[in-house]
>>> print(open('data_33.tsv').read())   # TSV, C-alpha atoms and all ligand atoms
chain	number	residue	atom	x	y	z
P	659	MET	CA	2.35	4.07	14.29
P	660	THR	CA	2.04	6.15	11.13
P	661	CYS	CA	3.74	5.02	7.97
P	662	GLU	CA	7.05	6.68	7.08
P	663	LYS	CA	6.01	6.62	3.42
P	664	LEU	CA	3.09	9.01	3.94
P	665	GLU	CA	4.70	12.01	2.31
P	666	LYS	CA	5.56	10.29	-0.94
P	667	CYS	CA	2.91	7.61	-1.18
P	668	PRO	CA	0.55	8.24	-4.12
P	669	PHE	CA	-2.25	6.51	-2.27
P	670	TYR	CA	-1.96	8.71	0.78
P	671	ASN	CA	-1.68	11.81	-1.36
P	672	ASP	CA	-4.90	11.08	-3.26
P	673	LYS	CA	-3.16	10.31	-6.53
P	674	MET	CA	-4.98	7.00	-6.90
P	675	ASP	CA	-8.63	6.65	-7.81
P	676	ILE	CA	-10.78	5.58	-4.90
P	677	ASN	CA	-14.08	6.39	-3.31
P	678	ARG	CA	-13.40	9.19	-0.84
P	679	GLY	CA	-14.97	7.44	2.12
P	680	ILE	CA	-13.17	4.18	1.51
P	681	GLY	CA	-9.92	6.05	0.92
P	682	ALA	CA	-10.28	7.82	4.24
P	683	MET	CA	-11.02	4.54	5.95
P	684	TYR	CA	-7.92	2.90	4.47
P	685	LYS	CA	-5.76	5.83	5.46
P	686	LYS	CA	-6.95	5.49	9.02
P	687	THR	CA	-6.58	1.72	9.06
P	688	TYR	CA	-3.23	1.40	7.31
P	689	CYS	CA	-1.35	4.67	6.90
P	690	GLU	CA	-2.20	6.07	10.29
P	691	GLY	CA	-2.86	2.70	11.88
P	692	ASP	CA	-0.96	-0.45	11.01
P	693	LYS	CA	1.28	0.01	8.00
P	694	THR	CA	2.56	-3.55	8.32
P	695	LYS	CA	-0.81	-4.78	7.03
P	696	CYS	CA	-0.75	-2.49	3.96
P	697	ALA	CA	-0.23	-4.37	0.70
P	698	ARG	CA	1.74	-1.44	-0.72
P	699	TYR	CA	3.99	-1.30	2.30
P	700	ILE	CA	4.58	-5.04	2.32
P	701	VAL	CA	5.54	-5.14	-1.36
P	702	ALA	CA	7.74	-2.02	-1.08
P	703	THR	CA	9.67	-3.33	1.89
P	704	GLN	CA	9.97	-6.96	0.82
P	705	LEU	CA	10.46	-6.60	-2.94
P	706	GLY	CA	11.22	-2.95	-3.58
P	707	PRO	CA	9.33	0.21	-4.48
P	708	GLU	CA	9.56	-0.58	-8.20
P	709	TYR	CA	7.02	-3.35	-7.65
P	710	VAL	CA	4.43	-1.01	-6.19
P	711	THR	CA	2.13	0.25	-8.93
P	712	ASP	CA	-0.68	2.76	-8.75
P	713	LYS	CA	-3.06	-0.16	-9.09
P	714	LEU	CA	-2.01	-1.71	-5.81
P	715	TYR	CA	-4.30	-0.61	-3.01
P	716	PRO	CA	-3.56	-1.06	0.71
P	717	ASN	CA	-6.17	-3.80	1.14
P	718	MET	CA	-4.93	-5.94	-1.77
P	719	ASN	CA	-3.06	-8.46	0.31
P	720	ASN	CA	-3.89	-11.27	-2.10
P	721	VAL	CA	-2.15	-9.38	-4.90
P	722	ALA	CA	0.78	-8.60	-2.60
P	723	ASN	CA	1.13	-12.26	-1.67
P	724	LYS	CA	1.07	-13.26	-5.31
P	725	LEU	CA	3.75	-10.71	-6.17
P	726	LEU	CA	5.89	-11.96	-3.30
P	727	GLU	CA	5.52	-15.54	-4.42
P	728	GLU	CA	6.33	-14.75	-8.04
P	729	ASN	CA	9.32	-12.60	-7.27
P	730	LYS	CA	10.95	-14.31	-4.33
P	731	LYS	CA	14.66	-13.91	-4.49
P	801	LIG	S1	-0.76	3.29	1.52
P	801	LIG	FE1	0.61	1.91	2.63
P	801	LIG	S2	2.66	2.54	1.96
P	801	LIG	FE2	1.27	4.21	1.45
P	801	LIG	S3	1.37	5.60	3.22
P	801	LIG	FE3	-0.34	4.18	3.53
P	801	LIG	S4	0.50	2.51	4.78
P	801	LIG	FE4	2.21	3.61	3.86
>>> encode(input="data_33.tsv", output="structure tokens")
Amino acid sequence: MTCEKLEKCPFYNDKMDINRGIGAMYKKTYCEGDKTKCARYIVATQLGPEYVTDKLYPNMNNVANKLLEENKK
């Protein structure tokens, strides 16, 4: 299922630096595949969009986990 954040997501809209091929692969895997595995999606839904920076890429689950641990409410 595609991600409902597609339209506004800087990653999906090529506003974040990434190799074109890898970017396309991530879009297919996460944005148009399984959004629930996307680090950006996980942080946005569990902590809030304000925690999602332009340095957080979809595959950075280790960073997402760290953020979740540090900011658990
Ligand atoms: S990068 Fe993550 S949050 Fe952004 S559109 Fe793709 S799946 Fe959704």
>>> residues_near_ligand(input="data_33.tsv", ligand="ligand LIG 801 (chain P)", cutoff="10 Å", atoms="all atoms listed in the file", output="PyMOL selection string")
chain P and resi 659-671+681+684-703+707+710+714-717
>>> atom_distance(input="data_33.tsv", atom1="atom CA of P:Asn729", atom2="atom CA of P:Thr711")
14.8 Å
>>> atom_distance(input="data_33.tsv", atom1="atom CA of P:Glu727", atom2="atom CA of P:Gly706")
13.8 Å
>>> atom_distance(input="data_33.tsv", atom1="atom CA of P:Tyr709", atom2="atom CA of P:Asp672")
19.2 Å
>>> closest_residue(input="data_33.tsv", among="P:Leu705, P:Lys713, P:Met683, P:Asp675", to="P:Leu725", atoms="only C-alpha atoms")
P:Leu705
>>> axis_aligned_box(input="data_33.tsv", around="stretch 681-700 of chain P", padding_each_side="5 Å", output="JSON")
{"center_x": -3.2, "center_y": 1.4, "center_z": 5.6, "size_x": 25.6, "size_y": 22.9, "size_z": 22.6}
>>> closest_residue(input="data_33.tsv", among="P:Asp712, P:Met718, P:Ala682, P:Gln704", to="P:Lys730", atoms="only C-alpha atoms")
P:Gln704
